2 protein chains.
Amino acid sequence: MNALFKALDDPTRRQILELLREKDRTAGDIADAFTISKPSISHHLDLLRQANLVISIKEGQFVRYSLNTTVFDELIGWVMNLSDKKNTKRKNKK
Amino acid sequence: MNALFKALDDPTRRQILELLREKDRTAGDIADAFTISKPSISHHLDLLRQANLVISIKEGQFVRYSLNTTVFDELIGWVMNLSDKKNTKRKNKK
DNA sequence: ATAATATTTAGACATTTGTCTAATTATACA
DNA sequence: TGTATAATTAGACAAATGTCTAAATATTAT
């Protein structure tokens, strides 16, 4: 959970996720979408991978990155749990 | 959005949110739940307030903090938008 | 083999972050 | 009015973070 929030706490990394929403991309393609250096992007991708937000597959001399949407379920669960509960007096309790 | 993810990227702050899920609390009550100093907690509360995750109301010499659940809608929207889209070949497109 | 391309690793550096203690502000009470 | 209590602000400091360049690794093509 810690790694997840950490990974999301950066505009570049969130932009990478949005890029990958459209389609899978190689590390180089991703880097081309930004002005920062390739090693920096590589580092961001590493953090995203640690958080399980992306999956990387080596294909020849390229590495293809893709979104791993399963983690979002966990995140949504966490948020929902927090946004619920508070109003214990609500009418539609079930 | 930046402030939101930044606020969530800290275990103490997330714990504060979970505390407030149960019920509103004063700054002092919140601080008592942790081993770190009051000024540090005050700083965390400030970041949570900046992110609109909590609301603070001064009541006499106390300050009462409460969850602001409206922000979670935005967060869930962001996550959902990201977790959708990717599988453009899905059957239930509507 | 050698060179070119794709990506990551290593190491340095400035900025940001979380924490602390001391001081300040604001309210309540005697 | 003075003192106790609640909370924040100020300022310092170590640790974490994002970025860079240079070097290393891996694959492809000549």
# chains A, B, ... in the order shown; residues from 1 in each chain; ligands from 1
>>> select_by_dssp(residues="chain B", states="strand (DSSP E)", output="ChimeraX atom specification")
/B:25-26,54-59,62-67
>>> interface_residues(of="chain B", to="chain C", cutoff="7 Å", atoms="only C-alpha atoms (C1' of nucleotides)", output="MDAnalysis selection string")
chainID B and resid 40 60:61
>>> residues_around(residues="Ile55 of chain B", least_positions_apart="3", cutoff="12 Å", atoms="only C-alpha atoms (C1' of nucleotides)", output="PDB file with C-alpha atoms, in the first residue's frame")
ATOM      1  CA  LEU B  17      -7.824   9.663   7.931  1.00  0.00           C
ATOM      2  CA  LEU B  20     -11.376  10.381  11.457  1.00  0.00           C
ATOM      3  CA  ASP B  24     -14.418  13.765  14.432  1.00  0.00           C
ATOM      4  CA  ARG B  25     -11.505  14.521  16.700  1.00  0.00           C
ATOM      5  CA  THR B  26      -9.584  17.467  18.043  1.00  0.00           C
ATOM      6  CA  ALA B  27      -5.981  18.037  17.038  1.00  0.00           C
ATOM      7  CA  LEU B  45      -3.125  17.967   9.427  1.00  0.00           C
ATOM      8  CA  ASP B  46      -2.160  21.021   7.458  1.00  0.00           C
ATOM      9  CA  LEU B  47      -1.248  18.911   4.443  1.00  0.00           C
ATOM     10  CA  LEU B  48      -4.482  16.967   4.742  1.00  0.00           C
ATOM     11  CA  ARG B  49      -6.375  20.237   4.859  1.00  0.00           C
ATOM     12  CA  GLN B  50      -4.533  21.556   1.813  1.00  0.00           C
ATOM     13  CA  ALA B  51      -5.614  18.444  -0.030  1.00  0.00           C
ATOM     14  CA  ASN B  52      -9.171  19.029   1.116  1.00  0.00           C
ATOM     15  CA  LYS B  58     -12.236  25.972  15.616  1.00  0.00           C
ATOM     16  CA  VAL B  63      -9.820  22.631  16.717  1.00  0.00           C
ATOM     17  CA  ARG B  64     -12.054  19.850  15.546  1.00  0.00           C
ATOM     18  CA  TYR B  65     -11.056  17.911  12.463  1.00  0.00           C
ATOM     19  CA  SER B  66     -13.394  15.882  10.303  1.00  0.00           C
ATOM     20  CA  LEU B  67     -13.140  13.900   7.092  1.00  0.00           C
ATOM     21  CA  ASN B  68     -14.191  15.576   3.889  1.00  0.00           C
ATOM     22  CA  THR B  69     -15.454  12.679   1.824  1.00  0.00           C
ATOM     23  CA  THR B  70     -16.260  14.687  -1.288  1.00  0.00           C
ATOM     24  CA  VAL B  71     -12.655  14.527  -2.454  1.00  0.00           C
TER      25      VAL B  71
END
>>> interface_residues(of="chain A", to="chain B", cutoff="12 Å", atoms="only C-alpha atoms", output="ChimeraX atom specification")
/A:1-24,53-54,66-89
>>> write_last_selection(atoms="N, CA and C atoms", output="compact mmCIF listing (two decimals), in the first residue's frame")
# COMPACT_ATOMS: atom_id res chain seq x y z
N MET A 1 0.85 -1.21 0.00
CA MET A 1 0.00 0.00 0.00
C MET A 1 0.87 1.25 0.00
N ASN A 2 1.94 1.16 0.77
CA ASN A 2 2.88 2.27 0.83
C ASN A 2 3.50 2.55 -0.53
N ALA A 3 3.96 1.49 -1.17
CA ALA A 3 4.59 1.63 -2.48
C ALA A 3 3.60 2.17 -3.50
N LEU A 4 2.35 1.81 -3.33
CA LEU A 4 1.31 2.27 -4.26
C LEU A 4 1.13 3.78 -4.18
N PHE A 5 0.93 4.28 -2.99
CA PHE A 5 0.72 5.72 -2.83
C PHE A 5 1.99 6.49 -3.19
N LYS A 6 3.11 5.91 -2.85
CA LYS A 6 4.38 6.56 -3.20
C LYS A 6 4.51 6.68 -4.72
N ALA A 7 4.17 5.62 -5.40
CA ALA A 7 4.28 5.63 -6.86
C ALA A 7 3.35 6.66 -7.49
N LEU A 8 2.19 6.83 -6.88
CA LEU A 8 1.21 7.76 -7.45
C LEU A 8 1.53 9.21 -7.11
N ASP A 9 2.41 9.42 -6.16
CA ASP A 9 2.72 10.78 -5.72
C ASP A 9 3.82 11.40 -6.58
N ASP A 10 3.55 11.50 -7.85
CA ASP A 10 4.49 12.15 -8.76
C ASP A 10 3.79 12.37 -10.09
N PRO A 11 3.80 13.59 -10.58
CA PRO A 11 3.08 13.93 -11.81
C PRO A 11 3.59 13.15 -13.02
N THR A 12 4.89 12.97 -13.10
CA THR A 12 5.45 12.24 -14.23
C THR A 12 4.95 10.80 -14.23
N ARG A 13 4.99 10.18 -13.06
CA ARG A 13 4.55 8.78 -13.00
C ARG A 13 3.07 8.66 -13.32
N ARG A 14 2.27 9.60 -12.86
CA ARG A 14 0.84 9.53 -13.19
C ARG A 14 0.62 9.72 -14.69
N GLN A 15 1.45 10.57 -15.28
CA GLN A 15 1.34 10.78 -16.73
C GLN A 15 1.73 9.52 -17.48
N ILE A 16 2.72 8.82 -16.97
CA ILE A 16 3.12 7.56 -17.59
C ILE A 16 1.96 6.58 -17.57
N LEU A 17 1.28 6.51 -16.45
CA LEU A 17 0.13 5.61 -16.34
C LEU A 17 -0.93 5.98 -17.38
N GLU A 18 -1.12 7.28 -17.55
CA GLU A 18 -2.14 7.72 -18.51
C GLU A 18 -1.71 7.40 -19.95
N LEU A 19 -0.42 7.46 -20.18
CA LEU A 19 0.09 7.06 -21.50
C LEU A 19 -0.20 5.58 -21.74
N LEU A 20 0.05 4.79 -20.72
CA LEU A 20 -0.12 3.34 -20.86
C LEU A 20 -1.59 2.94 -20.90
N ARG A 21 -2.45 3.84 -20.49
CA ARG A 21 -3.88 3.53 -20.57
C ARG A 21 -4.29 3.32 -22.02
N GLU A 22 -3.71 4.12 -22.89
CA GLU A 22 -4.03 4.01 -24.32
C GLU A 22 -3.52 2.70 -24.91
N LYS A 23 -2.23 2.47 -24.70
CA LYS A 23 -1.64 1.24 -25.23
C LYS A 23 -0.28 0.97 -24.59
N ASP A 24 0.16 -0.26 -24.73
CA ASP A 24 1.49 -0.61 -24.21
C ASP A 24 2.55 0.20 -24.94
N LEU A 53 1.96 -1.34 -10.44
CA LEU A 53 1.06 -0.57 -11.30
C LEU A 53 1.33 -0.86 -12.77
N VAL A 54 2.53 -1.30 -13.07
CA VAL A 54 2.86 -1.67 -14.45
C VAL A 54 3.58 -3.00 -14.46
N SER A 66 3.26 -2.26 -19.66
CA SER A 66 1.80 -2.20 -19.76
C SER A 66 1.19 -1.97 -18.38
N LEU A 67 0.00 -1.39 -18.36
CA LEU A 67 -0.71 -1.15 -17.11
C LEU A 67 -1.12 -2.46 -16.46
N ASN A 68 -1.03 -2.51 -15.16
CA ASN A 68 -1.58 -3.63 -14.42
C ASN A 68 -2.78 -3.11 -13.63
N THR A 69 -3.95 -3.34 -14.18
CA THR A 69 -5.14 -2.71 -13.61
C THR A 69 -5.62 -3.37 -12.31
N THR A 70 -5.10 -4.55 -12.02
CA THR A 70 -5.60 -5.26 -10.84
C THR A 70 -5.37 -4.47 -9.55
N VAL A 71 -4.29 -3.69 -9.51
CA VAL A 71 -3.97 -2.95 -8.29
C VAL A 71 -5.01 -1.89 -7.99
N PHE A 72 -5.66 -1.40 -9.04
CA PHE A 72 -6.63 -0.33 -8.83
C PHE A 72 -7.80 -0.79 -7.97
N ASP A 73 -8.11 -2.07 -8.05
CA ASP A 73 -9.19 -2.60 -7.21
C ASP A 73 -8.88 -2.37 -5.74
N GLU A 74 -7.64 -2.68 -5.40
CA GLU A 74 -7.20 -2.49 -4.01
C GLU A 74 -7.32 -1.03 -3.61
N LEU A 75 -6.88 -0.17 -4.50
CA LEU A 75 -6.91 1.26 -4.23
C LEU A 75 -8.35 1.76 -4.05
N ILE A 76 -9.20 1.35 -4.96
CA ILE A 76 -10.60 1.77 -4.87
C ILE A 76 -11.23 1.23 -3.59
N GLY A 77 -10.88 0.02 -3.23
CA GLY A 77 -11.38 -0.55 -1.99
C GLY A 77 -10.98 0.29 -0.79
N TRP A 78 -9.74 0.70 -0.79
CA TRP A 78 -9.24 1.53 0.32
C TRP A 78 -10.02 2.85 0.40
N VAL A 79 -10.19 3.47 -0.73
CA VAL A 79 -10.88 4.76 -0.77
C VAL A 79 -12.34 4.61 -0.36
N MET A 80 -12.98 3.59 -0.90
CA MET A 80 -14.40 3.37 -0.59
C MET A 80 -14.58 3.12 0.89
N ASN A 81 -13.75 2.31 1.45
CA ASN A 81 -13.84 2.01 2.88
C ASN A 81 -13.73 3.27 3.71
N LEU A 82 -12.89 4.17 3.26
CA LEU A 82 -12.69 5.42 3.98
C LEU A 82 -13.87 6.37 3.79
N SER A 83 -14.38 6.42 2.57
CA SER A 83 -15.46 7.38 2.32
C SER A 83 -16.79 6.87 2.87
N ASP A 84 -16.86 5.60 3.14
CA ASP A 84 -18.06 5.08 3.79
C ASP A 84 -17.86 5.24 5.30
N LYS A 85 -18.63 4.59 6.08
CA LYS A 85 -18.45 4.54 7.53
C LYS A 85 -18.75 5.85 8.23
N LYS A 86 -18.13 6.91 7.77
CA LYS A 86 -18.20 8.14 8.52
C LYS A 86 -19.62 8.50 8.94
N ASN A 87 -20.56 8.52 7.97
CA ASN A 87 -21.94 8.89 8.29
C ASN A 87 -22.70 7.69 8.84
N THR A 88 -22.52 7.45 10.10
CA THR A 88 -23.15 6.27 10.70
C THR A 88 -24.64 6.44 10.83
N LYS A 89 -25.11 7.65 10.58
CA LYS A 89 -26.53 7.89 10.75
C LYS A 89 -27.29 7.82 9.42
>>> closest_residue(among="D:DT8, D:DG2, D:DG18, D:DT28", to="chain B", atoms="only C-alpha atoms (C1' of nucleotides)")
D:DT8
>>> closest_residue(among="A:Ala31, A:Ile36, A:Ile57, A:Ser42", to="chain D", atoms="only C-alpha atoms (C1' of nucleotides)")
A:Ile36
>>> closest_atom_pairs(of="chain D", to="chain B", cutoff="12 Å", atoms="only C-alpha atoms (C1' of nucleotides)", output="Markdown table")
| residue | atom | partner | partner_atom | distance |
| --- | --- | --- | --- | --- |
| D:DT5 | C1' | B:Gln61 | CA | 8.2 |
| D:DA6 | C1' | B:Gln61 | CA | 5.7 |
| D:DA7 | C1' | B:Ala27 | CA | 7.3 |
| D:DT8 | C1' | B:Ser42 | CA | 7.1 |
| D:DT9 | C1' | B:Pro39 | CA | 9.0 |
| D:DA10 | C1' | B:Pro39 | CA | 11.1 |
>>> atom_distance(atom1="atom CA of Asp32 of chain A", atom2="atom C1' of DA24 of chain D")
22.0 Å
>>> calpha_fit_and_write(fixed="chain A", moving="chain B", output="short mmCIF file (atom, residue, chain, number, x, y, z; two decimals) with C-alpha atoms, in the first residue's frame")
data_model
loop_
_atom_site.label_atom_id
_atom_site.label_comp_id
_atom_site.auth_asym_id
_atom_site.auth_seq_id
_atom_site.Cartn_x
_atom_site.Cartn_y
_atom_site.Cartn_z
CA MET B 1 0.04 0.04 0.00
CA ASN B 2 2.91 2.29 0.84
CA ALA B 3 4.61 1.64 -2.49
CA LEU B 4 1.33 2.29 -4.25
CA PHE B 5 0.76 5.74 -2.83
CA LYS B 6 4.40 6.58 -3.19
CA ALA B 7 4.29 5.65 -6.86
CA LEU B 8 1.22 7.79 -7.43
CA ASP B 9 2.75 10.80 -5.71
CA ASP B 10 4.52 12.17 -8.76
CA PRO B 11 3.10 13.96 -11.80
CA THR B 12 5.46 12.26 -14.24
CA ARG B 13 4.56 8.80 -13.00
CA ARG B 14 0.86 9.56 -13.17
CA GLN B 15 1.35 10.80 -16.71
CA ILE B 16 3.12 7.58 -17.58
CA LEU B 17 0.12 5.64 -16.33
CA GLU B 18 -2.14 7.75 -18.49
CA LEU B 19 0.08 7.09 -21.48
CA LEU B 20 -0.14 3.37 -20.84
CA ARG B 21 -3.89 3.58 -20.55
CA GLU B 22 -4.03 4.04 -24.31
CA LYS B 23 -1.67 1.27 -25.22
CA ASP B 24 1.45 -0.59 -24.20
CA ARG B 25 4.71 1.17 -24.88
CA THR B 26 8.42 0.53 -24.77
CA ALA B 27 10.62 2.32 -22.27
CA GLY B 28 12.04 4.41 -25.08
CA ASP B 29 8.62 5.45 -26.37
CA ILE B 30 7.65 6.49 -22.90
CA ALA B 31 10.84 8.49 -22.45
CA ASP B 32 10.21 10.26 -25.76
CA ALA B 33 6.99 11.65 -24.34
CA PHE B 34 8.91 13.60 -21.71
CA THR B 35 11.74 16.09 -21.60
CA ILE B 36 13.54 14.43 -18.75
CA SER B 37 16.32 11.92 -19.31
CA LYS B 38 15.93 8.24 -20.04
CA PRO B 39 17.55 7.11 -16.81
CA SER B 40 15.07 9.22 -14.89
CA ILE B 41 12.18 7.65 -16.74
CA SER B 42 13.69 4.26 -16.11
CA HIS B 43 13.72 5.05 -12.43
CA HIS B 44 10.09 6.14 -12.51
CA LEU B 45 9.17 2.94 -14.29
CA ASP B 46 10.97 1.00 -11.62
CA LEU B 47 8.88 2.63 -8.90
CA LEU B 48 5.71 1.96 -10.85
CA ARG B 49 6.75 -1.66 -11.20
CA GLN B 50 7.49 -1.93 -7.49
CA ALA B 51 3.99 -0.69 -6.82
CA ASN B 52 2.64 -3.27 -9.24
CA LEU B 53 1.05 -0.54 -11.29
CA VAL B 54 2.83 -1.64 -14.43
CA ILE B 55 4.21 -4.87 -15.81
CA SER B 56 7.34 -5.01 -17.91
CA ILE B 57 8.13 -7.66 -20.49
CA LYS B 58 11.39 -7.86 -22.29
CA GLU B 59 10.95 -8.27 -26.03
CA GLY B 60 14.23 -8.57 -27.81
CA GLN B 61 16.19 -5.46 -27.14
CA PHE B 62 13.08 -3.56 -26.07
CA VAL B 63 11.14 -3.63 -22.82
CA ARG B 64 7.42 -3.28 -23.18
CA TYR B 65 5.47 -1.74 -20.34
CA SER B 66 1.77 -2.18 -19.74
CA LEU B 67 -0.73 -1.12 -17.10
CA ASN B 68 -1.61 -3.59 -14.40
CA THR B 69 -5.18 -2.67 -13.58
CA THR B 70 -5.65 -5.21 -10.80
CA VAL B 71 -4.00 -2.91 -8.28
CA PHE B 72 -6.64 -0.28 -8.82
CA ASP B 73 -9.20 -2.54 -7.19
CA GLU B 74 -7.20 -2.46 -4.01
CA LEU B 75 -6.90 1.30 -4.21
CA ILE B 76 -10.59 1.81 -4.84
CA GLY B 77 -11.37 -0.51 -1.96
CA TRP B 78 -9.21 1.55 0.33
CA VAL B 79 -10.85 4.79 -0.74
CA MET B 80 -14.36 3.42 -0.55
CA ASN B 81 -13.78 2.03 2.91
CA LEU B 82 -12.65 5.44 4.01
CA SER B 83 -15.42 7.43 2.37
CA ASP B 84 -17.99 5.11 3.83
CA LYS B 85 -18.39 4.51 7.55
CA LYS B 86 -18.14 8.11 8.57
CA ASN B 87 -21.85 8.88 8.27
CA THR B 88 -23.10 6.24 10.65
CA LYS B 89 -26.51 7.82 10.59
CA ARG B 90 -27.16 7.34 6.91
CA LYS B 91 -30.50 5.90 5.90
CA ASN B 92 -29.59 3.29 3.28
CA LYS B 93 -27.62 1.10 5.57
CA LYS B 94 -29.00 -1.91 3.63
#
>>> select_by_dssp(residues="segment 4-47 of chain A", states="helix (DSSP H, G or I)", output="ChimeraX atom specification")
/A:4-8,11-22,27-32,38-47
>>> write_last_selection(atoms="N, CA and C atoms", output="tab-separated table (two decimals), in the first residue's frame")
chain	number	residue	atom	x	y	z
A	4	LEU	N	2.35	1.81	-3.33
A	4	LEU	CA	1.31	2.27	-4.26
A	4	LEU	C	1.13	3.78	-4.18
A	5	PHE	N	0.93	4.28	-2.99
A	5	PHE	CA	0.72	5.72	-2.83
A	5	PHE	C	1.99	6.49	-3.19
A	6	LYS	N	3.11	5.91	-2.85
A	6	LYS	CA	4.38	6.56	-3.20
A	6	LYS	C	4.51	6.68	-4.72
A	7	ALA	N	4.17	5.62	-5.40
A	7	ALA	CA	4.28	5.63	-6.86
A	7	ALA	C	3.35	6.66	-7.49
A	8	LEU	N	2.19	6.83	-6.88
A	8	LEU	CA	1.21	7.76	-7.45
A	8	LEU	C	1.53	9.21	-7.11
A	11	PRO	N	3.80	13.59	-10.58
A	11	PRO	CA	3.08	13.93	-11.81
A	11	PRO	C	3.59	13.15	-13.02
A	12	THR	N	4.89	12.97	-13.10
A	12	THR	CA	5.45	12.24	-14.23
A	12	THR	C	4.95	10.80	-14.23
A	13	ARG	N	4.99	10.18	-13.06
A	13	ARG	CA	4.55	8.78	-13.00
A	13	ARG	C	3.07	8.66	-13.32
A	14	ARG	N	2.27	9.60	-12.86
A	14	ARG	CA	0.84	9.53	-13.19
A	14	ARG	C	0.62	9.72	-14.69
A	15	GLN	N	1.45	10.57	-15.28
A	15	GLN	CA	1.34	10.78	-16.73
A	15	GLN	C	1.73	9.52	-17.48
A	16	ILE	N	2.72	8.82	-16.97
A	16	ILE	CA	3.12	7.56	-17.59
A	16	ILE	C	1.96	6.58	-17.57
A	17	LEU	N	1.28	6.51	-16.45
A	17	LEU	CA	0.13	5.61	-16.34
A	17	LEU	C	-0.93	5.98	-17.38
A	18	GLU	N	-1.12	7.28	-17.55
A	18	GLU	CA	-2.14	7.72	-18.51
A	18	GLU	C	-1.71	7.40	-19.95
A	19	LEU	N	-0.42	7.46	-20.18
A	19	LEU	CA	0.09	7.06	-21.50
A	19	LEU	C	-0.20	5.58	-21.74
A	20	LEU	N	0.05	4.79	-20.72
A	20	LEU	CA	-0.12	3.34	-20.86
A	20	LEU	C	-1.59	2.94	-20.90
A	21	ARG	N	-2.45	3.84	-20.49
A	21	ARG	CA	-3.88	3.53	-20.57
A	21	ARG	C	-4.29	3.32	-22.02
A	22	GLU	N	-3.71	4.12	-22.89
A	22	GLU	CA	-4.03	4.01	-24.32
A	22	GLU	C	-3.52	2.70	-24.91
A	27	ALA	N	10.03	1.34	-23.15
A	27	ALA	CA	10.65	2.34	-22.27
A	27	ALA	C	11.07	3.57	-23.07
A	28	GLY	N	11.61	3.33	-24.24
A	28	GLY	CA	12.05	4.44	-25.07
A	28	GLY	C	10.90	5.33	-25.54
A	29	ASP	N	9.82	4.70	-25.94
A	29	ASP	CA	8.64	5.46	-26.37
A	29	ASP	C	8.12	6.32	-25.23
A	30	ILE	N	8.12	5.75	-24.05
A	30	ILE	CA	7.65	6.50	-22.89
A	30	ILE	C	8.57	7.69	-22.64
A	31	ALA	N	9.87	7.42	-22.67
A	31	ALA	CA	10.84	8.50	-22.42
A	31	ALA	C	10.68	9.62	-23.44
A	32	ASP	N	10.37	9.26	-24.68
A	32	ASP	CA	10.21	10.27	-25.74
A	32	ASP	C	9.07	11.24	-25.46
A	38	LYS	N	16.35	9.67	-20.04
A	38	LYS	CA	15.94	8.26	-20.03
A	38	LYS	C	16.20	7.58	-18.70
A	39	PRO	N	17.36	7.78	-18.11
A	39	PRO	CA	17.57	7.14	-16.79
A	39	PRO	C	16.52	7.56	-15.77
A	40	SER	N	16.10	8.80	-15.81
A	40	SER	CA	15.07	9.24	-14.87
A	40	SER	C	13.76	8.51	-15.12
A	41	ILE	N	13.41	8.41	-16.40
A	41	ILE	CA	12.18	7.67	-16.73
A	41	ILE	C	12.30	6.21	-16.30
A	42	SER	N	13.47	5.67	-16.51
A	42	SER	CA	13.71	4.29	-16.12
A	42	SER	C	13.47	4.11	-14.62
A	43	HIS	N	13.92	5.09	-13.87
A	43	HIS	CA	13.73	5.06	-12.43
A	43	HIS	C	12.24	5.15	-12.07
A	44	HIS	N	11.53	6.03	-12.75
A	44	HIS	CA	10.09	6.14	-12.50
A	44	HIS	C	9.39	4.82	-12.83
A	45	LEU	N	9.79	4.22	-13.93
A	45	LEU	CA	9.18	2.95	-14.30
A	45	LEU	C	9.46	1.89	-13.25
A	46	ASP	N	10.63	1.96	-12.68
A	46	ASP	CA	10.99	1.02	-11.63
A	46	ASP	C	10.04	1.16	-10.43
A	47	LEU	N	9.79	2.39	-10.04
A	47	LEU	CA	8.88	2.61	-8.90
A	47	LEU	C	7.46	2.15	-9.22
>>> decode(residues="segment 12-27 of chain C", atoms="N, CA and C atoms (P, O5', C5', C4', C3', O3' and C1' of nucleotides)", output="short mmCIF file (atom, residue, chain, number, x, y, z; two decimals), in the first residue's frame")
data_model
loop_
_atom_site.label_atom_id
_atom_site.label_comp_id
_atom_site.auth_asym_id
_atom_site.auth_seq_id
_atom_site.Cartn_x
_atom_site.Cartn_y
_atom_site.Cartn_z
P DA C 12 29.80 9.20 -5.63
"O5'" DA C 12 29.32 10.65 -6.08
"C5'" DA C 12 29.67 11.13 -7.38
"C4'" DA C 12 28.83 12.34 -7.72
"C3'" DA C 12 28.64 13.32 -6.56
"O3'" DA C 12 28.90 14.64 -7.01
"C1'" DA C 12 26.53 12.67 -7.45
P DC C 13 28.98 15.85 -5.96
"O5'" DC C 13 27.55 16.52 -6.11
"C5'" DC C 13 27.05 16.85 -7.41
"C4'" DC C 13 25.67 17.44 -7.27
"C3'" DC C 13 25.48 18.26 -5.98
"O3'" DC C 13 24.82 19.47 -6.30
"C1'" DC C 13 23.79 16.62 -6.18
P DA C 14 24.77 20.65 -5.23
"O5'" DA C 14 23.29 21.20 -5.43
"C5'" DA C 14 22.73 21.32 -6.75
"C4'" DA C 14 21.23 21.25 -6.66
"C3'" DA C 14 20.61 22.18 -5.61
"O3'" DA C 14 19.42 22.75 -6.14
"C1'" DA C 14 20.03 19.94 -5.13
P DT C 15 18.50 23.70 -5.21
"O5'" DT C 15 17.25 22.76 -4.87
"C5'" DT C 15 16.63 22.02 -5.93
"C4'" DT C 15 15.47 21.23 -5.36
"C3'" DT C 15 14.58 21.99 -4.38
"O3'" DT C 15 13.24 21.75 -4.78
"C1'" DT C 15 15.33 19.96 -3.41
P DT C 16 11.99 22.36 -3.94
"O5'" DT C 16 11.50 21.07 -3.12
"C5'" DT C 16 11.37 19.84 -3.82
"C4'" DT C 16 10.95 18.75 -2.85
"C3'" DT C 16 9.86 19.15 -1.86
"O3'" DT C 16 8.91 18.10 -1.85
"C1'" DT C 16 11.71 18.26 -0.70
P DT C 17 7.61 18.10 -0.92
"O5'" DT C 17 8.12 17.23 0.32
"C5'" DT C 17 8.57 15.91 0.08
"C4'" DT C 17 8.85 15.24 1.40
"C3'" DT C 17 7.81 15.50 2.49
"O3'" DT C 17 7.41 14.26 3.03
"C1'" DT C 17 9.98 15.97 3.30
P DG C 18 6.19 14.11 4.06
"O5'" DG C 18 6.93 13.81 5.44
"C5'" DG C 18 7.69 12.63 5.59
"C4'" DG C 18 8.36 12.63 6.94
"C3'" DG C 18 7.43 12.89 8.12
"O3'" DG C 18 7.73 11.95 9.16
"C1'" DG C 18 9.18 14.48 8.11
P DT C 19 6.86 11.86 10.46
"O5'" DT C 19 7.73 12.63 11.54
"C5'" DT C 19 8.97 12.08 11.96
"C4'" DT C 19 9.85 13.12 12.59
"C3'" DT C 19 9.26 13.87 13.78
"O3'" DT C 19 9.41 13.13 14.96
"C1'" DT C 19 10.65 15.25 12.41
P DC C 20 8.81 13.67 16.35
"O5'" DC C 20 9.86 14.76 16.85
"C5'" DC C 20 11.22 14.37 17.01
"C4'" DC C 20 12.08 15.60 17.28
"C3'" DC C 20 11.53 16.49 18.39
"O3'" DC C 20 12.22 16.24 19.60
"C1'" DC C 20 12.14 17.79 16.45
P DT C 21 11.62 16.89 20.96
"O5'" DT C 21 12.22 18.37 20.96
"C5'" DT C 21 13.63 18.58 20.94
"C4'" DT C 21 13.92 20.08 20.95
"C3'" DT C 21 13.33 20.84 22.14
"O3'" DT C 21 14.25 21.85 22.54
"C1'" DT C 21 12.45 21.73 20.14
P DA C 22 13.93 22.73 23.85
"O5'" DA C 22 13.48 24.12 23.23
"C5'" DA C 22 14.29 24.72 22.24
"C4'" DA C 22 13.68 26.04 21.80
"C3'" DA C 22 13.06 26.86 22.92
"O3'" DA C 22 13.36 28.24 22.69
"C1'" DA C 22 11.42 26.41 21.29
P DA C 23 12.75 29.40 23.63
"O5'" DA C 23 11.60 30.05 22.72
"C5'" DA C 23 11.94 30.44 21.39
"C4'" DA C 23 10.70 30.95 20.68
"C3'" DA C 23 9.87 31.96 21.48
"O3'" DA C 23 9.52 33.03 20.62
"C1'" DA C 23 8.51 30.17 20.76
P DT C 24 8.59 34.23 21.15
"O5'" DT C 24 7.18 33.90 20.49
"C5'" DT C 24 7.09 33.74 19.06
"C4'" DT C 24 5.65 33.47 18.68
"C3'" DT C 24 4.64 34.44 19.28
"O3'" DT C 24 3.87 34.99 18.22
"C1'" DT C 24 3.98 32.20 19.64
P DT C 25 2.81 36.15 18.51
"O5'" DT C 25 1.41 35.41 18.48
"C5'" DT C 25 1.04 34.65 17.32
"C4'" DT C 25 -0.23 33.89 17.62
"C3'" DT C 25 -1.36 34.73 18.21
"O3'" DT C 25 -2.52 34.51 17.43
"C1'" DT C 25 -1.02 32.77 19.47
P DA C 26 -3.84 35.37 17.64
"O5'" DA C 26 -4.77 34.38 18.47
"C5'" DA C 26 -5.02 33.08 17.96
"C4'" DA C 26 -5.82 32.31 18.98
"C3'" DA C 26 -6.87 33.16 19.70
"O3'" DA C 26 -8.07 32.42 19.69
"C1'" DA C 26 -5.55 32.02 21.26
P DT C 27 -9.47 33.13 19.95
"O5'" DT C 27 -10.01 32.34 21.23
"C5'" DT C 27 -10.14 30.93 21.15
"C4'" DT C 27 -10.02 30.34 22.53
"C3'" DT C 27 -11.08 30.83 23.51
"O3'" DT C 27 -11.91 29.74 23.82
"C1'" DT C 27 -8.94 30.62 24.50
#
